[in-house]
>>> print(open('model.txt').read())   # compact mmCIF, C-alpha atoms (C1' of nucleotides)
# COMPACT_ATOMS: atom_id res chain seq x y z
CA MET W 1 -69.63 -199.14 24.65
CA GLY W 2 -73.28 -198.13 24.39
CA THR W 3 -74.44 -196.83 21.04
CA ARG W 4 -75.86 -193.73 22.61
CA LYS W 5 -72.56 -192.78 24.15
CA GLN W 6 -70.80 -193.48 20.87
CA ILE W 7 -73.17 -191.13 19.11
CA VAL W 8 -72.63 -188.39 21.66
CA ASP W 9 -68.87 -188.79 21.45
CA ALA W 10 -68.84 -188.67 17.65
CA ALA W 11 -71.20 -185.69 17.58
CA ASN W 12 -69.10 -183.94 20.18
CA ARG W 13 -65.98 -184.35 18.06
CA LEU W 14 -67.67 -183.42 14.79
CA PHE W 15 -69.41 -180.37 16.25
CA TYR W 16 -66.01 -179.20 17.37
CA GLN W 17 -64.16 -179.95 14.15
CA GLN W 18 -66.80 -178.97 11.61
CA GLY W 19 -69.25 -176.84 13.54
CA TYR W 20 -72.82 -177.65 14.54
CA GLU W 21 -74.54 -176.42 11.39
CA ARG W 22 -72.17 -178.23 9.08
CA THR W 23 -72.40 -181.57 10.85
CA SER W 24 -75.25 -183.69 9.51
CA PHE W 25 -77.10 -186.70 10.86
CA ALA W 26 -75.55 -188.70 8.07
CA SER W 27 -71.97 -187.82 8.95
CA ILE W 28 -72.48 -188.66 12.64
CA ALA W 29 -74.13 -191.96 11.74
CA GLU W 30 -71.28 -192.75 9.38
CA ALA W 31 -68.68 -191.90 12.01
CA VAL W 32 -70.33 -194.26 14.49
CA GLY W 33 -70.98 -196.91 11.87
CA ILE W 34 -74.74 -197.17 12.26
CA SER W 35 -77.62 -196.50 9.91
CA ARG W 36 -79.38 -193.18 9.82
CA GLY W 37 -82.58 -194.95 10.77
CA ASN W 38 -81.16 -196.36 13.96
CA PHE W 39 -80.04 -192.89 14.81
CA TYR W 40 -83.62 -191.76 15.19
CA TYR W 41 -84.16 -194.40 17.84
CA HIS W 42 -81.70 -192.67 20.14
CA PHE W 43 -82.26 -189.03 19.27
CA LYS W 44 -85.38 -187.59 17.71
CA THR W 45 -83.90 -184.27 16.57
CA LYS W 46 -80.55 -182.65 15.99
CA ASP W 47 -81.22 -180.30 18.86
CA GLU W 48 -81.52 -183.30 21.17
CA ILE W 49 -78.03 -184.43 20.21
CA LEU W 50 -76.68 -180.95 20.80
CA GLU W 51 -78.22 -180.94 24.25
CA ALA W 52 -76.67 -184.31 25.04
CA VAL W 53 -73.31 -183.08 23.76
CA LEU W 54 -73.53 -179.93 25.86
CA GLN W 55 -74.47 -182.00 28.89
CA ALA W 56 -71.46 -184.25 28.27
CA ARG W 57 -69.14 -181.29 27.85
CA LEU W 58 -70.46 -179.75 31.03
CA GLY W 59 -69.78 -182.98 32.89
CA ASP W 60 -66.32 -183.37 31.36
CA THR W 61 -65.44 -179.79 32.23
CA ARG W 62 -66.58 -180.16 35.82
CA ALA W 63 -64.65 -183.41 36.16
CA MET W 64 -61.52 -181.87 34.69
CA LEU W 65 -61.67 -178.88 37.03
CA ALA W 66 -62.37 -181.08 40.01
CA GLY W 67 -59.30 -183.09 39.06
CA TRP W 68 -57.22 -179.95 38.92
CA THR W 69 -58.54 -178.81 42.26
CA GLU W 70 -57.28 -182.04 43.77
CA ALA W 71 -54.05 -182.44 41.84
CA ALA W 72 -52.67 -178.93 42.18
CA ALA W 73 -51.65 -177.82 45.63
CA THR W 74 -52.08 -174.05 45.37
CA PRO W 75 -54.78 -171.94 43.73
CA LEU W 76 -52.12 -170.25 41.62
CA GLU W 77 -50.98 -173.60 40.24
CA ARG W 78 -54.59 -174.39 39.38
CA VAL W 79 -55.01 -171.18 37.48
CA PHE W 80 -51.77 -171.97 35.68
CA ARG W 81 -53.23 -175.28 34.59
CA PHE W 82 -56.09 -173.43 33.00
CA VAL W 83 -53.82 -170.90 31.33
CA ASP W 84 -51.72 -173.74 29.97
CA ILE W 85 -54.66 -175.17 28.02
CA VAL W 86 -53.77 -173.05 25.01
CA VAL W 87 -50.34 -174.69 24.99
CA THR W 88 -51.42 -178.22 25.88
CA ASN W 89 -54.16 -178.31 23.25
CA ARG W 90 -52.43 -176.12 20.71
CA GLY W 91 -52.71 -178.73 17.97
CA ASP W 92 -56.50 -178.83 18.09
CA ILE W 93 -56.79 -175.11 18.76
CA GLU W 94 -54.74 -174.25 15.69
CA LEU W 95 -57.08 -176.37 13.61
CA TYR W 96 -60.46 -175.77 15.21
CA GLY W 97 -60.17 -173.02 17.82
CA CYS W 98 -61.46 -173.23 21.37
CA PRO W 99 -64.31 -175.75 21.70
CA VAL W 100 -66.27 -173.54 24.07
CA GLY W 101 -65.73 -170.20 22.38
CA THR W 102 -66.40 -171.35 18.83
CA LEU W 103 -69.53 -173.30 19.70
CA THR W 104 -70.89 -170.46 21.80
CA SER W 105 -70.49 -167.92 19.02
CA GLU W 106 -71.91 -170.30 16.42
CA LEU W 107 -75.01 -170.92 18.51
CA ALA W 108 -75.30 -167.18 19.08
CA LYS W 109 -75.38 -166.58 15.34
CA LEU W 110 -77.90 -169.35 14.82
CA GLY W 111 -80.06 -167.95 17.57
CA HIS W 112 -80.16 -171.48 18.95
CA PRO W 113 -82.14 -172.11 22.15
CA SER W 114 -79.25 -174.16 23.59
CA ARG W 115 -76.95 -171.17 23.41
CA ALA W 116 -77.46 -170.49 27.12
CA GLN W 117 -76.24 -173.99 27.95
CA ALA W 118 -73.08 -173.45 25.92
CA VAL W 119 -72.49 -170.19 27.75
CA GLY W 120 -72.97 -172.23 30.91
CA ILE W 121 -69.73 -174.06 30.18
CA PHE W 122 -67.98 -170.71 30.14
CA GLY W 123 -69.75 -170.08 33.43
CA VAL W 124 -68.25 -173.22 34.98
CA PHE W 125 -64.75 -172.06 34.10
CA ARG W 126 -65.55 -168.58 35.31
CA ASP W 127 -66.83 -169.76 38.68
CA TRP W 128 -63.93 -172.15 39.17
CA LEU W 129 -61.38 -169.47 38.35
CA GLY W 130 -63.20 -167.09 40.68
CA GLU W 131 -62.86 -169.65 43.47
CA GLN W 132 -59.12 -169.84 42.94
CA PHE W 133 -58.73 -166.08 43.11
CA LYS W 134 -60.80 -166.00 46.27
CA GLU W 135 -58.47 -168.51 47.81
CA LEU W 136 -55.62 -166.32 46.68
CA GLY W 137 -57.07 -163.56 48.83
CA HIS W 138 -58.70 -161.53 46.08
CA SER W 139 -62.31 -161.95 47.12
CA ALA W 140 -63.20 -158.40 46.18
CA ASN W 141 -62.36 -158.79 42.47
CA ALA W 142 -62.20 -162.56 42.11
CA ASP W 143 -64.86 -162.66 39.38
CA ASP W 144 -63.23 -159.80 37.54
CA LEU W 145 -59.90 -161.61 37.56
CA ALA W 146 -61.63 -164.78 36.38
CA LEU W 147 -63.07 -162.92 33.40
CA GLN W 148 -59.66 -161.48 32.59
CA VAL W 149 -58.06 -164.91 32.52
CA LEU W 150 -60.95 -166.29 30.51
CA ALA W 151 -60.65 -163.45 28.00
CA PHE W 152 -56.93 -164.06 27.75
CA SER W 153 -57.37 -167.68 26.83
CA GLN W 154 -60.10 -166.86 24.31
CA GLY W 155 -58.00 -164.18 22.68
CA VAL W 156 -54.89 -166.33 22.49
CA ALA W 157 -56.90 -169.28 21.19
CA THR W 158 -58.43 -167.18 18.42
CA LEU W 159 -55.05 -165.85 17.32
CA SER W 160 -53.51 -169.29 17.62
CA ASN W 161 -56.22 -170.58 15.30
CA ALA W 162 -55.66 -167.71 12.87
CA PHE W 163 -51.88 -167.42 12.78
CA GLY W 164 -50.64 -170.67 14.30
CA ASP W 165 -47.79 -168.77 15.93
CA ARG W 166 -46.62 -171.04 18.75
CA ASP W 167 -43.89 -168.68 19.89
CA TYR W 168 -46.38 -165.92 20.50
CA VAL W 169 -48.70 -168.25 22.40
CA GLU W 170 -45.96 -169.39 24.74
CA ARG W 171 -44.71 -165.84 25.14
CA ASP W 172 -48.14 -164.57 26.13
CA VAL W 173 -48.76 -167.48 28.48
CA ARG W 174 -45.50 -166.79 30.28
CA ARG W 175 -46.40 -163.12 30.44
CA LEU W 176 -49.79 -163.77 32.04
CA LYS W 177 -48.26 -166.16 34.54
CA THR W 178 -45.77 -163.52 35.59
CA ARG W 179 -48.59 -161.05 36.08
CA LEU W 180 -50.55 -163.58 38.10
CA MET W 181 -47.55 -164.39 40.27
CA SER W 182 -47.14 -160.76 41.20
CA LEU W 183 -50.74 -160.99 42.36
CA ASP W 184 -49.83 -163.70 44.85
CA THR W 185 -47.99 -161.66 47.43
CA MET X 186 -76.79 -148.74 -6.41
CA GLY X 187 -75.47 -151.58 -8.56
CA THR X 188 -76.98 -154.97 -7.99
CA ARG X 189 -73.61 -156.55 -7.51
CA LYS X 190 -72.71 -154.21 -4.69
CA GLN X 191 -76.10 -154.78 -3.11
CA ILE X 192 -75.49 -158.51 -3.17
CA VAL X 193 -72.05 -158.15 -1.60
CA ASP X 194 -73.43 -155.86 1.10
CA ALA X 195 -76.30 -158.21 1.94
CA ALA X 196 -74.02 -161.25 1.93
CA ASN X 197 -71.53 -159.41 4.11
CA ARG X 198 -74.20 -158.66 6.68
CA LEU X 199 -75.74 -162.12 6.57
CA PHE X 200 -72.41 -163.92 6.78
CA TYR X 201 -71.74 -161.91 9.89
CA GLN X 202 -75.13 -162.37 11.51
CA GLN X 203 -75.85 -165.99 10.56
CA GLY X 204 -72.49 -167.38 9.56
CA TYR X 205 -71.28 -168.40 6.12
CA GLU X 206 -72.55 -171.98 6.17
CA ARG X 207 -76.00 -171.02 7.36
CA THR X 208 -76.52 -168.25 4.81
CA SER X 209 -78.06 -169.56 1.60
CA PHE X 210 -78.28 -168.17 -1.90
CA ALA X 211 -82.01 -167.88 -1.37
CA SER X 212 -81.72 -165.74 1.76
CA ILE X 213 -79.24 -163.36 0.14
CA ALA X 214 -81.42 -163.04 -2.95
CA GLU X 215 -84.44 -162.38 -0.77
CA ALA X 216 -82.57 -159.76 1.24
CA VAL X 217 -81.60 -157.93 -1.96
CA GLY X 218 -85.00 -158.45 -3.53
CA ILE X 219 -83.88 -160.26 -6.68
CA SER X 220 -84.57 -163.71 -8.04
CA ARG X 221 -82.25 -166.61 -7.38
CA GLY X 222 -81.72 -166.90 -11.10
CA ASN X 223 -80.43 -163.39 -11.50
CA PHE X 224 -78.04 -164.14 -8.71
CA TYR X 225 -76.19 -166.59 -10.87
CA TYR X 226 -75.50 -163.88 -13.40
CA HIS X 227 -73.37 -161.98 -10.89
CA PHE X 228 -71.80 -164.85 -8.94
CA LYS X 229 -71.36 -168.37 -10.21
CA THR X 230 -70.71 -170.00 -6.85
CA LYS X 231 -71.09 -169.30 -3.16
CA ASP X 232 -67.32 -169.23 -2.83
CA GLU X 233 -67.21 -166.38 -5.32
CA ILE X 234 -69.49 -164.32 -3.11
CA LEU X 235 -67.37 -165.07 -0.09
CA GLU X 236 -64.31 -163.90 -1.95
CA ALA X 237 -66.04 -160.66 -2.94
CA VAL X 238 -67.17 -160.16 0.65
CA LEU X 239 -63.66 -160.74 1.97
CA GLN X 240 -62.30 -158.32 -0.61
CA ALA X 241 -64.84 -155.73 0.49
CA ARG X 242 -64.03 -156.26 4.15
CA LEU X 243 -60.35 -155.95 3.43
CA GLY X 244 -60.97 -152.65 1.65
CA ASP X 245 -63.25 -151.37 4.40
CA THR X 246 -60.73 -152.30 7.05
CA ARG X 247 -57.88 -150.59 5.24
CA ALA X 248 -60.01 -147.48 4.72
CA MET X 249 -61.04 -147.39 8.37
CA LEU X 250 -57.47 -147.71 9.59
CA ALA X 251 -56.26 -145.09 7.11
CA GLY X 252 -58.95 -142.79 8.49
CA TRP X 253 -57.75 -143.38 12.02
CA THR X 254 -54.18 -142.76 11.02
CA GLU X 255 -55.24 -139.36 9.75
CA ALA X 256 -57.78 -138.43 12.39
CA ALA X 257 -55.83 -139.36 15.50
CA ALA X 258 -52.77 -137.27 16.30
CA THR X 259 -50.67 -139.74 18.27
CA PRO X 260 -50.04 -143.46 17.79
CA LEU X 261 -51.37 -144.13 21.27
CA GLU X 262 -54.66 -142.46 20.41
CA ARG X 263 -54.85 -144.63 17.32
CA VAL X 264 -54.35 -147.80 19.29
CA PHE X 265 -57.04 -146.58 21.67
CA ARG X 266 -59.42 -146.26 18.77
CA PHE X 267 -58.85 -149.89 17.99
CA VAL X 268 -59.25 -150.96 21.59
CA ASP X 269 -62.49 -149.00 21.78
CA ILE X 270 -64.07 -151.10 19.03
CA VAL X 271 -65.40 -153.57 21.58
CA VAL X 272 -67.23 -150.69 23.25
CA THR X 273 -68.32 -148.84 20.12
CA ASN X 274 -69.70 -151.97 18.46
CA ARG X 275 -70.84 -153.69 21.62
CA GLY X 276 -74.38 -154.09 20.35
CA ASP X 277 -73.39 -156.15 17.34
CA ILE X 278 -70.65 -157.97 19.23
CA GLU X 279 -73.04 -159.09 21.93
CA LEU X 280 -75.29 -160.54 19.25
CA TYR X 281 -72.83 -161.87 16.68
CA GLY X 282 -69.29 -161.62 18.06
CA CYS X 283 -66.33 -160.12 16.22
CA PRO X 284 -66.81 -160.19 12.44
CA VAL X 285 -63.19 -161.12 11.80
CA GLY X 286 -62.71 -163.65 14.55
CA THR X 287 -65.94 -165.55 14.05
CA LEU X 288 -65.60 -165.77 10.28
CA THR X 289 -61.99 -166.86 10.52
CA SER X 290 -62.77 -169.68 12.90
CA GLU X 291 -65.79 -170.77 10.88
CA LEU X 292 -63.74 -170.97 7.70
CA ALA X 293 -61.05 -172.85 9.62
CA LYS X 294 -63.58 -175.48 10.66
CA LEU X 295 -64.93 -175.74 7.14
CA GLY X 296 -61.44 -176.09 5.76
CA HIS X 297 -62.41 -173.39 3.29
CA PRO X 298 -59.80 -172.25 0.76
CA SER X 299 -60.61 -168.59 1.47
CA ARG X 300 -59.60 -169.00 5.08
CA ALA X 301 -56.21 -167.43 4.36
CA GLN X 302 -57.91 -164.31 3.03
CA ALA X 303 -59.96 -164.00 6.20
CA VAL X 304 -56.81 -164.34 8.27
CA GLY X 305 -55.44 -161.60 6.04
CA ILE X 306 -57.89 -159.15 7.60
CA PHE X 307 -56.42 -160.01 10.96
CA GLY X 308 -53.06 -159.37 9.34
CA VAL X 309 -54.07 -155.87 8.28
CA PHE X 310 -54.97 -155.00 11.88
CA ARG X 311 -51.81 -156.65 13.12
CA ASP X 312 -49.57 -154.70 10.76
CA TRP X 313 -51.31 -151.43 11.46
CA LEU X 314 -51.05 -151.91 15.22
CA GLY X 315 -47.40 -152.84 14.78
CA GLU X 316 -46.83 -149.56 12.94
CA GLN X 317 -48.29 -147.62 15.84
CA PHE X 318 -46.09 -149.35 18.38
CA LYS X 319 -43.06 -148.69 16.21
CA GLU X 320 -43.93 -145.00 16.20
CA LEU X 321 -44.28 -145.26 19.94
CA GLY X 322 -40.65 -146.29 20.07
CA HIS X 323 -41.15 -150.02 20.57
CA SER X 324 -39.67 -151.24 17.33
CA ALA X 325 -38.13 -154.28 18.98
CA ASN X 326 -41.41 -155.82 20.11
CA ALA X 327 -43.92 -153.90 18.01
CA ASP X 328 -45.41 -157.02 16.44
CA ASP X 329 -45.60 -158.77 19.78
CA LEU X 330 -47.49 -155.83 21.25
CA ALA X 331 -49.78 -155.81 18.25
CA LEU X 332 -50.63 -159.46 18.84
CA GLN X 333 -51.31 -158.77 22.50
CA VAL X 334 -53.76 -156.00 21.68
CA LEU X 335 -55.37 -158.13 19.00
CA ALA X 336 -55.74 -161.02 21.45
CA PHE X 337 -57.24 -158.67 24.01
CA SER X 338 -59.95 -157.50 21.66
CA GLN X 339 -60.72 -161.05 20.55
CA GLY X 340 -60.96 -162.27 24.10
CA VAL X 341 -63.15 -159.42 25.25
CA ALA X 342 -65.35 -159.75 22.16
CA THR X 343 -65.88 -163.47 22.80
CA LEU X 344 -66.84 -162.89 26.42
CA SER X 345 -69.00 -159.92 25.48
CA ASN X 346 -70.82 -162.19 23.07
CA ALA X 347 -71.18 -164.91 25.71
CA PHE X 348 -72.07 -162.93 28.82
CA GLY X 349 -73.09 -159.50 27.53
CA ASP X 350 -71.47 -157.91 30.55
CA ARG X 351 -70.90 -154.29 29.53
CA ASP X 352 -69.35 -153.30 32.85
CA TYR X 353 -66.63 -155.89 32.47
CA VAL X 354 -65.92 -154.83 28.89
CA GLU X 355 -65.48 -151.20 29.87
CA ARG X 356 -63.43 -152.17 32.89
CA ASP X 357 -61.04 -154.27 30.82
CA VAL X 358 -60.76 -151.61 28.13
CA ARG X 359 -59.82 -149.03 30.70
CA ARG X 360 -57.34 -151.45 32.19
CA LEU X 361 -55.59 -152.10 28.88
CA LYS X 362 -55.45 -148.40 28.11
CA THR X 363 -53.75 -147.77 31.43
CA ARG X 364 -51.19 -150.45 30.65
CA LEU X 365 -50.61 -148.98 27.22
CA MET X 366 -50.17 -145.49 28.61
CA SER X 367 -47.44 -146.68 30.93
CA LEU X 368 -45.77 -147.95 27.77
CA ASP X 369 -45.67 -144.44 26.35
CA THR X 370 -42.99 -142.90 28.48
C1' DG N 371 -90.79 -222.65 23.10
C1' DC N 372 -93.23 -217.96 23.29
C1' DG N 373 -94.36 -213.39 23.56
C1' DA N 374 -92.46 -208.90 24.74
C1' DC N 375 -89.27 -205.57 23.78
C1' DA N 376 -84.94 -203.03 22.91
C1' DG N 377 -82.11 -202.16 19.10
C1' DT N 378 -80.96 -201.94 14.22
C1' DA N 379 -81.48 -201.41 9.09
C1' DG N 380 -83.24 -199.43 5.09
C1' DG N 381 -85.68 -196.37 2.96
C1' DA N 382 -89.60 -192.78 2.26
C1' DC N 383 -90.74 -187.99 2.77
C1' DA N 384 -90.99 -182.98 1.83
C1' DA N 385 -88.00 -179.23 2.00
C1' DT N 386 -83.90 -176.94 0.93
C1' DT N 387 -79.32 -176.77 -0.86
C1' DG N 388 -75.94 -174.94 -4.66
C1' DT N 389 -75.83 -174.91 -9.42
C1' DC N 390 -77.29 -174.11 -13.98
C1' DC N 391 -80.38 -173.24 -18.22
C1' DT N 392 -83.57 -170.77 -21.06
C1' DA N 393 -86.62 -167.06 -22.04
C1' DC N 394 -87.90 -162.36 -21.53
C1' DA N 395 -86.99 -157.10 -20.72
C1' DA N 396 -84.19 -153.10 -20.94
C1' DT N 397 -80.60 -150.40 -22.67
C1' DC N 398 -77.18 -149.11 -25.78
C1' DT N 399 -74.79 -148.67 -30.60
C1' DC N 400 -75.00 -147.72 -35.14
C1' DG I 401 -85.60 -148.41 -36.03
C1' DA I 402 -82.41 -153.03 -36.04
C1' DG I 403 -79.40 -155.60 -33.70
C1' DA I 404 -76.46 -156.63 -29.98
C1' DT I 405 -75.45 -156.60 -25.20
C1' DT I 406 -76.62 -156.53 -20.37
C1' DG I 407 -79.53 -157.61 -16.83
C1' DT I 408 -83.45 -160.11 -14.82
C1' DA I 409 -87.02 -163.75 -13.86
C1' DG I 410 -88.53 -168.29 -13.24
C1' DG I 411 -87.76 -172.65 -12.86
C1' DA I 412 -85.23 -177.30 -13.57
C1' DC I 413 -81.77 -180.29 -11.65
C1' DA I 414 -79.52 -183.75 -8.64
C1' DA I 415 -77.98 -183.95 -4.09
C1' DT I 416 -78.55 -183.46 0.68
C1' DT I 417 -80.99 -181.99 4.69
C1' DG I 418 -83.76 -183.30 9.14
C1' DT I 419 -87.44 -186.14 10.16
C1' DC I 420 -90.11 -190.19 10.41
C1' DC I 421 -92.04 -195.00 9.42
C1' DT I 422 -91.97 -199.92 8.96
C1' DA I 423 -89.81 -204.32 9.08
C1' DC I 424 -86.47 -207.24 10.83
C1' DT I 425 -83.08 -209.26 14.46
C1' DG I 426 -81.65 -210.43 18.73
C1' DT I 427 -82.24 -211.12 23.74
C1' DC I 428 -84.88 -211.54 27.76
C1' DG I 429 -88.39 -213.45 31.27
C1' DC I 430 -91.57 -216.97 31.81
>>> encode(input="model.txt", output="structure tokens")
Amino acid sequence: MGTRKQIVDAANRLFYQQGYERTSFASIAEAVGISRGNFYYHFKTKDEILEAVLQARLGDTRAMLAGWTEAAATPLERVFRFVDIVVTNRGDIELYGCPVGTLTSELAKLGHPSRAQAVGIFGVFRDWLGEQFKELGHSANADDLALQVLAFSQGVATLSNAFGDRDYVERDVRRLKTRLMSLDT
Amino acid sequence: MGTRKQIVDAANRLFYQQGYERTSFASIAEAVGISRGNFYYHFKTKDEILEAVLQARLGDTRAMLAGWTEAAATPLERVFRFVDIVVTNRGDIELYGCPVGTLTSELAKLGHPSRAQAVGIFGVFRDWLGEQFKELGHSANADDLALQVLAFSQGVATLSNAFGDRDYVERDVRRLKTRLMSLDT
DNA sequence: GCGACAGTAGGACAATTGTCCTACAATCTC
DNA sequence: GAGATTGTAGGACAATTGTCCTACTGTCGC
């Protein structure tokens, strides 16, 4: 595997687990197993790595959603896949929170120029969810419903990270699904 | 005002606006207008400041909730006060997110020993909300309802920070209030 | 074989980090 | 007023930060 991709992958993981500010050039280089000097050959600044990571995440997100669009037959099932993230990834979420939400708020605090790109990942989810609700026949408030589902997953992820209460998470997921099913009539 | 309190206040604000990791001794000292050396007289380590800040936040939170308990006549009104936070503090939330949620997740990523104390602030809100739902006659699922309301505010705060969409925030607040009112019958 | 070039290693660089020490100023006690 | 205590200033300290440079190794086309 190309060194550049290895760097992006390691940075992606470390940014998620430790935060952007905390993660240093040295720790990324160590994780990949290359020298700090070589690092500079691939990325001039830390911001450049962040941009590459955000680009990768954007691509991964799009690919994941495209996969769901294909794999799940109905729009409701697709939304359910999204809602289930907090259960599927509960292990990581309990430890590090939601990758999108935590990075977005960290970049907001840092006043980082790439903040908009991080918000863009939220935007991809938002648009995709909106599409599903449109297909469900809720064109008028599709975006509003998308935001509600997005907010749900962010709220549950934050509490999951804080309390680690798996019963609550599953309870709330089931509750939202029930609400969404009553929408599909 | 005592220097120590000034330090805690400045650190509290800076931890919120810039994050814990980003905020340095130097920037706190500069904000207060004292020398870095004097700083050491009041707090030996950065962790000590964090602990003092968390203690202060815990006290502030308890005082605020006690005030609401007195000021608002019904438990439903009290819960509404909480829900309204995302509207009342929208300016700060759009810029820096929720003070509790963002600090908790940052400390989680850092693996910081004070993480539990930060989660404790969430716990104070959780318990207080649970009390209100008990008074509302929902003893059986009071804590579950408390978690739902907590998750709501975290979700809306995260999206408010990401998108800055005030219409959505107000819409969702009104929506939750309607749901809560139907609970009070 | 040779020159060009992508990739890597190691380390220099100034700046900043958290931590800690010593010396001075102010205030209080007796 | 003398002495002790509390508070403050300024700077030293090693470690780490992001950034950048130079020298070496391998591989390629010719």
>>> residues_around(input="model.txt", residues="region 387-400 of chain N", least_positions_apart="3", cutoff="9 Å", atoms="only C-alpha atoms (C1' of nucleotides)", output="ChimeraX atom specification")
/X:209-210,222,225,229-231 /I:403-409,412-413,415-417
>>> residues_around(input="model.txt", residues="region 161-171 of chain W", least_positions_apart="4", cutoff="7 Å", atoms="all atoms listed in the file", output="PyMOL selection string")
(chain W and resi 87+93-97+156-157+175) or (chain X and resi 289+304)
>>> interface_residues(input="model.txt", of="chain W", to="chain N", cutoff="9 Å", atoms="all atoms listed in the file", output="PyMOL selection string")
chain W and resi 34-38+41
>>> interface_residues(input="model.txt", of="chain X", to="chain W", cutoff="10 Å", atoms="all atoms listed in the file", output="MDAnalysis selection string")
chainID X and resid 199:204 206:207 278:283 286:296 300:301 303:305 307:308 328:329 332:348 353:354 356:357
>>> write_last_selection(input="model.txt", atoms="C-alpha atoms", output="PDB file, keeping the file's coordinate frame")
ATOM      1  CA  LEU X 199     -75.740-162.120   6.570  1.00  0.00           C
ATOM      2  CA  PHE X 200     -72.410-163.920   6.780  1.00  0.00           C
ATOM      3  CA  TYR X 201     -71.740-161.910   9.890  1.00  0.00           C
ATOM      4  CA  GLN X 202     -75.130-162.370  11.510  1.00  0.00           C
ATOM      5  CA  GLN X 203     -75.850-165.990  10.560  1.00  0.00           C
ATOM      6  CA  GLY X 204     -72.490-167.380   9.560  1.00  0.00           C
ATOM      7  CA  GLU X 206     -72.550-171.980   6.170  1.00  0.00           C
ATOM      8  CA  ARG X 207     -76.000-171.020   7.360  1.00  0.00           C
ATOM      9  CA  ILE X 278     -70.650-157.970  19.230  1.00  0.00           C
ATOM     10  CA  GLU X 279     -73.040-159.090  21.930  1.00  0.00           C
ATOM     11  CA  LEU X 280     -75.290-160.540  19.250  1.00  0.00           C
ATOM     12  CA  TYR X 281     -72.830-161.870  16.680  1.00  0.00           C
ATOM     13  CA  GLY X 282     -69.290-161.620  18.060  1.00  0.00           C
ATOM     14  CA  CYS X 283     -66.330-160.120  16.220  1.00  0.00           C
ATOM     15  CA  GLY X 286     -62.710-163.650  14.550  1.00  0.00           C
ATOM     16  CA  THR X 287     -65.940-165.550  14.050  1.00  0.00           C
ATOM     17  CA  LEU X 288     -65.600-165.770  10.280  1.00  0.00           C
ATOM     18  CA  THR X 289     -61.990-166.860  10.520  1.00  0.00           C
ATOM     19  CA  SER X 290     -62.770-169.680  12.900  1.00  0.00           C
ATOM     20  CA  GLU X 291     -65.790-170.770  10.880  1.00  0.00           C
ATOM     21  CA  LEU X 292     -63.740-170.970   7.700  1.00  0.00           C
ATOM     22  CA  ALA X 293     -61.050-172.850   9.620  1.00  0.00           C
ATOM     23  CA  LYS X 294     -63.580-175.480  10.660  1.00  0.00           C
ATOM     24  CA  LEU X 295     -64.930-175.740   7.140  1.00  0.00           C
ATOM     25  CA  GLY X 296     -61.440-176.090   5.760  1.00  0.00           C
ATOM     26  CA  ARG X 300     -59.600-169.000   5.080  1.00  0.00           C
ATOM     27  CA  ALA X 301     -56.210-167.430   4.360  1.00  0.00           C
ATOM     28  CA  ALA X 303     -59.960-164.000   6.200  1.00  0.00           C
ATOM     29  CA  VAL X 304     -56.810-164.340   8.270  1.00  0.00           C
ATOM     30  CA  GLY X 305     -55.440-161.600   6.040  1.00  0.00           C
ATOM     31  CA  PHE X 307     -56.420-160.010  10.960  1.00  0.00           C
ATOM     32  CA  GLY X 308     -53.060-159.370   9.340  1.00  0.00           C
ATOM     33  CA  ASP X 328     -45.410-157.020  16.440  1.00  0.00           C
ATOM     34  CA  ASP X 329     -45.600-158.770  19.780  1.00  0.00           C
ATOM     35  CA  LEU X 332     -50.630-159.460  18.840  1.00  0.00           C
ATOM     36  CA  GLN X 333     -51.310-158.770  22.500  1.00  0.00           C
ATOM     37  CA  VAL X 334     -53.760-156.000  21.680  1.00  0.00           C
ATOM     38  CA  LEU X 335     -55.370-158.130  19.000  1.00  0.00           C
ATOM     39  CA  ALA X 336     -55.740-161.020  21.450  1.00  0.00           C
ATOM     40  CA  PHE X 337     -57.240-158.670  24.010  1.00  0.00           C
ATOM     41  CA  SER X 338     -59.950-157.500  21.660  1.00  0.00           C
ATOM     42  CA  GLN X 339     -60.720-161.050  20.550  1.00  0.00           C
ATOM     43  CA  GLY X 340     -60.960-162.270  24.100  1.00  0.00           C
ATOM     44  CA  VAL X 341     -63.150-159.420  25.250  1.00  0.00           C
ATOM     45  CA  ALA X 342     -65.350-159.750  22.160  1.00  0.00           C
ATOM     46  CA  THR X 343     -65.880-163.470  22.800  1.00  0.00           C
ATOM     47  CA  LEU X 344     -66.840-162.890  26.420  1.00  0.00           C
ATOM     48  CA  SER X 345     -69.000-159.920  25.480  1.00  0.00           C
ATOM     49  CA  ASN X 346     -70.820-162.190  23.070  1.00  0.00           C
ATOM     50  CA  ALA X 347     -71.180-164.910  25.710  1.00  0.00           C
ATOM     51  CA  PHE X 348     -72.070-162.930  28.820  1.00  0.00           C
ATOM     52  CA  TYR X 353     -66.630-155.890  32.470  1.00  0.00           C
ATOM     53  CA  VAL X 354     -65.920-154.830  28.890  1.00  0.00           C
ATOM     54  CA  ARG X 356     -63.430-152.170  32.890  1.00  0.00           C
ATOM     55  CA  ASP X 357     -61.040-154.270  30.820  1.00  0.00           C
TER      56      ASP X 357
END
>>> atom_distance(input="model.txt", atom1="CA of Asp60 (chain W)", atom2="CA of Gly137 (chain W)")
28.0 Å
>>> closest_atom_pairs(input="model.txt", of="chain I", to="chain W", cutoff="12 Å", atoms="only C-alpha atoms (C1' of nucleotides)", output="Markdown table")
| residue | atom | partner | partner_atom | distance |
| --- | --- | --- | --- | --- |
| I:DT416 | C1' | W:Ser24 | CA | 9.4 |
| I:DT417 | C1' | W:Ser24 | CA | 7.7 |
| I:DG418 | C1' | W:Thr45 | CA | 7.5 |
| I:DT419 | C1' | W:Thr45 | CA | 7.6 |
| I:DC420 | C1' | W:Tyr40 | CA | 8.2 |
| I:DC421 | C1' | W:Gly37 | CA | 9.6 |
| I:DT422 | C1' | W:Gly37 | CA | 10.8 |
| I:DA423 | C1' | W:Gly37 | CA | 12.0 |
